[in-house]
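Quick look at protein_22.txt (compact mmCIF, C-alpha atoms):
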# COMPACT_ATOMS: atom_id res chain seq x y z
CA HIS R 527 18.35 29.30 46.74
CA GLN R 528 17.01 26.61 44.42
CA SER R 529 18.98 23.40 44.09
CA ASN R 530 19.57 21.97 40.67
CA PRO R 531 17.60 18.86 39.75
CA THR R 532 19.44 15.60 40.23
CA PRO R 533 20.98 14.58 36.92
CA HIS R 534 20.04 11.23 35.42
CA LEU R 535 22.84 8.74 35.87
CA ILE R 536 23.76 7.11 32.59
CA PRO R 537 25.90 3.95 32.69
CA GLU R 538 29.36 4.34 31.21
CA GLY R 539 31.89 1.98 29.67
CA ASP R 540 30.68 -1.31 28.24
CA ASN R 541 27.12 -0.73 29.44
CA ALA R 542 26.85 2.79 28.04
CA THR R 543 23.45 3.68 26.66
CA PRO R 544 23.66 4.87 23.03
CA LEU R 545 22.47 8.48 22.99
CA GLU R 546 19.69 7.73 20.53
CA VAL R 547 17.85 5.39 22.88
CA ILE R 548 17.89 7.43 26.08
CA GLY R 549 14.24 7.86 26.93
CA SER R 550 13.81 4.52 25.26
CA THR R 551 10.24 4.49 24.14
CA ALA R 552 8.77 5.33 20.78
CA THR R 553 6.86 8.59 20.62
CA ASP R 554 6.62 9.03 16.85
CA LYS R 555 4.63 7.19 14.25
CA LEU R 556 6.79 5.80 11.46
CA VAL R 557 6.19 5.23 7.75
CA ILE R 558 8.57 2.91 5.92
CA ILE R 559 8.38 3.31 2.15
CA MET R 560 9.82 0.28 0.40
CA VAL R 561 11.87 0.76 -2.78
CA GLY R 562 13.15 -1.93 -5.14
CA LEU R 563 12.65 -3.90 -8.31
CA PRO R 564 10.28 -6.89 -8.25
CA ALA R 565 11.65 -10.08 -6.61
CA THR R 566 14.18 -8.30 -4.41
CA GLY R 567 12.54 -9.47 -1.17
CA LYS R 568 10.71 -6.25 -0.24
CA THR R 569 7.52 -7.92 1.01
CA HIS R 570 9.45 -10.56 2.95
CA ILE R 571 11.49 -7.85 4.72
CA ALA R 572 8.34 -5.77 5.37
CA LYS R 573 6.60 -8.78 6.97
CA ARG R 574 9.59 -9.55 9.19
CA ILE R 575 9.79 -5.91 10.37
CA CYS R 576 6.08 -5.75 11.18
CA ARG R 577 6.14 -9.05 13.03
CA TYR R 578 9.07 -7.83 15.13
CA ILE R 579 7.57 -4.38 15.90
CA ASN R 580 4.14 -5.89 16.66
CA PHE R 581 5.37 -8.74 18.79
CA PHE R 582 8.45 -7.42 20.63
CA LEU R 583 7.60 -3.72 20.92
CA ASP R 584 3.83 -4.15 21.06
CA ILE R 585 3.32 -1.37 18.52
CA PRO R 586 0.51 -1.74 15.94
CA SER R 587 2.08 -2.34 12.52
CA GLN R 588 0.56 -2.86 9.12
CA ILE R 589 1.72 -3.43 5.54
CA PHE R 590 -0.05 -1.73 2.66
CA ASN R 591 0.95 -3.84 -0.33
CA VAL R 592 0.13 -2.11 -3.61
CA GLY R 593 0.22 -5.45 -5.48
CA ASP R 594 -2.74 -6.67 -3.39
CA TYR R 595 -4.71 -3.52 -4.30
CA ARG R 596 -3.75 -3.92 -7.98
CA ARG R 597 -5.01 -7.53 -8.00
CA GLN R 598 -8.31 -6.43 -6.42
CA LEU R 599 -8.80 -3.56 -8.89
CA CYS R 600 -7.43 -5.04 -12.10
CA GLY R 601 -7.43 -8.80 -11.60
CA ALA R 602 -4.41 -10.97 -10.98
CA GLN R 603 -3.04 -12.31 -14.23
CA MET R 604 -1.81 -9.22 -16.04
CA PRO R 605 0.93 -9.70 -18.67
CA ALA R 606 4.34 -7.98 -18.45
CA SER R 607 3.11 -5.30 -20.88
CA PHE R 608 0.82 -4.06 -18.07
CA TYR R 609 4.01 -2.85 -16.33
CA ASP R 610 5.36 -1.02 -19.36
CA PRO R 611 5.88 2.64 -18.33
CA ASN R 612 4.68 3.68 -21.83
CA ASN R 613 1.37 1.85 -21.45
CA GLN R 614 -0.71 4.87 -20.41
CA GLU R 615 -3.92 3.00 -19.62
CA ALA R 616 -2.09 0.51 -17.40
CA VAL R 617 -0.12 3.30 -15.70
CA ALA R 618 -3.44 4.98 -14.80
CA GLN R 619 -4.79 1.70 -13.33
CA ARG R 620 -1.60 1.08 -11.37
CA THR R 621 -1.71 4.65 -10.04
CA THR R 622 -5.28 4.04 -8.83
CA ALA R 623 -4.02 1.00 -6.89
CA CYS R 624 -1.15 3.05 -5.41
CA ASN R 625 -3.53 5.80 -4.31
CA ALA R 626 -5.99 3.35 -2.73
CA ALA R 627 -3.18 1.79 -0.67
CA LEU R 628 -1.94 5.25 0.30
CA ALA R 629 -5.43 6.38 1.40
CA ASP R 630 -5.84 3.31 3.63
CA MET R 631 -2.37 3.80 5.06
CA MET R 632 -3.17 7.41 5.96
CA ASP R 633 -6.39 6.32 7.70
CA PHE R 634 -4.33 3.82 9.72
CA LEU R 635 -1.79 6.50 10.67
CA ARG R 636 -4.47 8.99 11.75
CA GLN R 637 -5.43 6.69 14.62
CA ASP R 638 -4.12 7.53 18.07
CA GLY R 639 -0.84 6.30 19.45
CA VAL R 640 2.47 5.18 18.09
CA ARG R 641 2.15 2.94 15.04
CA LEU R 642 4.19 1.70 12.10
CA ALA R 643 3.00 1.56 8.50
CA VAL R 644 4.88 0.00 5.59
CA TYR R 645 4.03 1.15 2.06
CA ASP R 646 5.11 -1.84 -0.01
CA ALA R 647 5.59 -1.15 -3.73
CA THR R 648 8.46 -0.67 -6.18
CA ASN R 649 8.42 3.16 -5.75
CA SER R 650 11.14 3.11 -8.35
CA THR R 651 11.30 6.77 -9.43
CA LYS R 652 12.24 9.93 -7.55
CA GLU R 653 9.04 11.53 -8.80
CA ARG R 654 6.92 8.75 -7.27
CA ARG R 655 8.74 8.96 -3.93
CA LYS R 656 8.40 12.74 -3.85
CA HIS R 657 4.67 12.38 -4.57
CA LEU R 658 4.26 10.06 -1.57
CA LEU R 659 6.11 12.41 0.80
CA ASN R 660 4.16 15.44 -0.47
CA LYS R 661 0.84 13.62 -0.06
CA LEU R 662 1.67 12.64 3.55
CA ARG R 663 2.68 16.24 4.27
CA GLU R 664 -0.44 17.74 2.61
CA GLU R 665 -2.68 15.43 4.63
CA GLY R 666 -0.92 16.47 7.85
CA ILE R 667 0.29 12.95 8.68
CA GLY R 668 2.73 13.63 11.51
CA ALA R 669 5.04 10.66 11.19
CA LYS R 670 8.70 10.06 10.58
CA LYS R 671 9.40 8.73 7.10
CA MET R 672 12.18 6.48 5.93
CA PHE R 673 12.87 4.59 2.73
CA LEU R 674 14.06 1.00 2.68
CA GLU R 675 15.59 -0.11 -0.63
CA SER R 676 16.35 -3.73 -1.39
CA ILE R 677 18.89 -4.28 -4.17
CA CYS R 678 19.61 -7.75 -5.49
CA GLU R 679 22.81 -7.92 -7.56
CA ASN R 680 23.27 -11.65 -7.04
CA VAL R 681 21.74 -13.27 -10.14
CA GLU R 682 21.27 -16.69 -8.50
CA LEU R 683 19.48 -15.13 -5.53
CA LEU R 684 17.19 -13.18 -7.87
CA GLU R 685 16.44 -16.29 -9.91
CA GLU R 686 15.63 -18.23 -6.73
CA ASN R 687 13.34 -15.41 -5.52
CA ILE R 688 11.47 -15.48 -8.83
CA ARG R 689 10.99 -19.25 -8.80
CA THR R 690 10.18 -19.76 -5.11
CA VAL R 691 8.20 -16.61 -4.35
CA LYS R 692 6.79 -15.02 -7.47
CA LEU R 693 5.59 -18.15 -9.25
CA SER R 694 3.43 -19.03 -6.25
CA THR R 695 1.53 -15.70 -6.33
CA PRO R 696 -1.95 -15.39 -7.87
CA ASP R 697 -0.30 -13.52 -10.79
CA TYR R 698 1.01 -16.83 -12.15
CA ARG R 699 -1.55 -19.36 -11.01
CA ASN R 700 -1.92 -22.21 -13.55
CA THR R 701 0.85 -20.74 -15.72
CA ASP R 702 3.65 -22.89 -17.11
CA PRO R 703 6.68 -22.18 -14.86
CA GLU R 704 9.04 -21.37 -17.76
CA ASP R 705 6.53 -19.02 -19.37
CA ALA R 706 5.97 -17.40 -15.98
CA VAL R 707 9.70 -16.83 -15.41
CA LYS R 708 10.04 -15.32 -18.88
CA ASP R 709 7.07 -13.01 -18.32
CA PHE R 710 8.31 -11.97 -14.89
CA LYS R 711 11.77 -11.11 -16.24
CA GLU R 712 10.04 -8.91 -18.83
CA ARG R 713 8.17 -7.23 -15.98
CA ILE R 714 11.48 -6.54 -14.19
CA LYS R 715 12.91 -5.12 -17.43
CA ASN R 716 9.99 -2.66 -17.64
CA TYR R 717 10.69 -1.40 -14.12
CA THR R 718 14.46 -1.29 -14.69
CA SER R 719 14.00 1.09 -17.63
CA VAL R 720 12.82 3.89 -15.29
CA TYR R 721 14.46 2.80 -12.02
CA GLU R 722 16.27 5.42 -9.91
CA THR R 723 18.10 4.20 -6.81
CA LEU R 724 17.89 6.21 -3.57
CA ASP R 725 20.39 8.98 -2.96
CA ASP R 726 20.92 11.68 -0.31
CA SER R 727 18.20 13.90 -1.82
CA ASP R 728 15.56 11.27 -0.90
CA GLY R 729 16.06 11.90 2.85
CA SER R 730 16.34 9.13 5.46
CA PHE R 731 16.99 5.66 4.12
CA ILE R 732 18.60 2.26 4.50
CA LYS R 733 19.75 0.32 1.44
CA ILE R 734 20.23 -3.43 1.58
CA TYR R 735 22.46 -5.11 -0.99
CA ASP R 736 21.94 -8.87 -1.39
CA CYS R 737 20.68 -9.12 2.20
CA SER R 738 24.24 -8.61 3.42
CA LYS R 739 25.61 -5.11 2.83
CA PHE R 740 23.96 -1.96 4.20
CA VAL R 741 24.06 1.77 3.59
CA VAL R 742 22.34 3.88 6.24
CA HIS R 743 21.68 7.57 5.66
CA ASN R 744 20.34 10.18 8.06
CA ILE R 745 18.23 7.87 10.27
CA ARG R 746 16.98 9.46 13.51
CA GLY R 747 14.50 8.47 16.19
CA TYR R 748 13.87 5.50 18.44
CA LEU R 749 11.59 3.43 16.19
CA SER R 750 13.56 4.11 12.98
CA LEU R 751 16.79 3.02 14.67
CA LYS R 752 15.12 -0.12 16.05
CA VAL R 753 14.06 -1.01 12.50
CA VAL R 754 17.55 -0.39 11.11
CA HIS R 755 19.17 -2.46 13.84
CA PHE R 756 16.69 -5.29 13.25
CA VAL R 757 17.15 -5.24 9.47
CA MET R 758 20.93 -5.29 9.76
CA ASN R 759 20.68 -8.46 11.84
CA LEU R 760 18.17 -10.13 9.54
CA HIS R 761 19.58 -13.09 7.69
CA THR R 762 16.82 -13.33 5.13
Please render this file's structure as structure tokens.
Amino acid sequence: HQSNPTPHLIPEGDNATPLEVIGSTATDKLVIIMVGLPATGKTHIAKRICRYINFFLDIPSQIFNVGDYRRQLCGAQMPASFYDPNNQEAVAQRTTACNAALADMMDFLRQDGVRLAVYDATNSTKERRKHLLNKLREEGIGAKKMFLESICENVELLEENIRTVKLSTPDYRNTDPEDAVKDFKERIKNYTSVYETLDDSDGSFIKIYDCSKFVVHNIRGYLSLKVVHFVMNLHT
């Protein structure tokens, strides 16, 4: 006669352990794919997440910012027309930057152990997002994937983001601030013309509206839930 194994005792009542975190260590790698128009705080959120995951959970985390790759490949001060979806030559150059960031991210994820990678770009069309997921699958990158979309409907907040963050980037070095704002708004317009917000067909995601309202869809797994919990308590 074989006795049953002793069941694990799980605290009840106020101290109950949420089911998702039982066995509370991360076992999966995680890719966060950022989504959002320029100046919606994507990079700021990505940096905060990585700092938290690195520092508090001691899990290697890295951001792959497509803008940095674009500046290296094409130079910094490109006019708004460079972001026009009908500018074929520029689209090809921007795609090269996207692919270079993706290749480096996949190398990072192939390393042993749990790790978090953030792919930081606008990723504004369904086609682009599908391409990223397909590429990760084709390359056999065994990681959970989630999208994080930042939406800024508050015009004052957007304006402040443009003036305080974007004008200090290399893209607008030595440019008259008013000209820079005008150019950047043109850039946003170019992205808006093809922008498709996340929906259920994209898979797992969290949407953030004006840093204060959240929509969470189909998020599973220890690390993904840690990220969601952190983001929902972020007062950016």
**Asked** Which value, in Å to one decimal, gives the distance between CA of Asp709 in chain R and CA of Ser676 in chain R?
**Response**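 Computed distance, CA of Asp709 in chain R to CA of Ser676 in chain R, equals 21.4 Å.
Here CA of Val640 in chain R stands at a distance of 28.3 Å from CA of Arg596 in chain R.
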**Item:** His743 in chain R surroundings by only C-alpha atoms, 8 Å radius, close-in-sequence under 4 positions cut, as a PyMOL selection string
**Value:** chain R and resi 726+729-732
**Message:** as a PyMOL selection string, please: the residues near range 579-589 of chain R (cut-off 9 Å, all atoms listed in the file, same-chain neighbours under 4 positions excluded).
**Reply:** chain R and resi 552+569+572-575+631+634+639-646+749+752-753
**Minimum-distance residue to Tyr721 in chain R, chosen among R:Lys661, R:Lys692, R:Lys555, R:Arg655 (using all atoms listed in the file)** =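 Among R:Lys661, R:Lys692, R:Lys555, R:Arg655, it is R:Arg655 that comes nearest to Tyr721 in chain R.
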**Complete:** Of R:Asp736, R:Asp705, R:Asp630, R:Asp610, the one nearest to Glu682 in chain R when counting all atoms listed in the file is R:Asp736
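Computed from the coordinates, the CA of Asp554 in chain R to CA of Ser750 in chain R distance equals 9.3 Å.
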**Request:** Determine the nearest neighbour of Ile688 in chain R from the options R:Ala565, R:Leu674, R:Ala618, R:Ile734, counting only C-alpha atoms.
**Result:**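 Of all the options, R:Ala565 lies closest to Ile688 in chain R.
Of the residues under consideration (R:Leu724, R:Val707, R:Cys600, R:Leu760), R:Leu724 shows the shortest atom-to-atom contact distance to Ser650 in chain R when counting all atoms listed in the file.
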**Among the residues R:Cys624, R:Ala606, R:Met758, R:Cys576, the one that comes closest to Lys711 in chain R [using only C-alpha atoms]** = R:Ala606
**Request:** Would you list the contacts of Arg713 in chain R as a list of chain:residue names, taking every protein, DNA or RNA residue within 12 Å and counting all atoms listed in the file, but skipping same-chain residues closer than 5 positions in sequence?
**Result:** R:Leu563, R:Pro564, R:Ala565, R:Met604, R:Pro605, R:Ala606, R:Ser607, R:Phe608, R:Tyr609, R:Asp610, R:Pro611, R:Thr648, R:Ile688, R:Lys692, R:Asp697, R:Ala706, R:Val707, R:Lys708, R:Thr718, R:Ser719
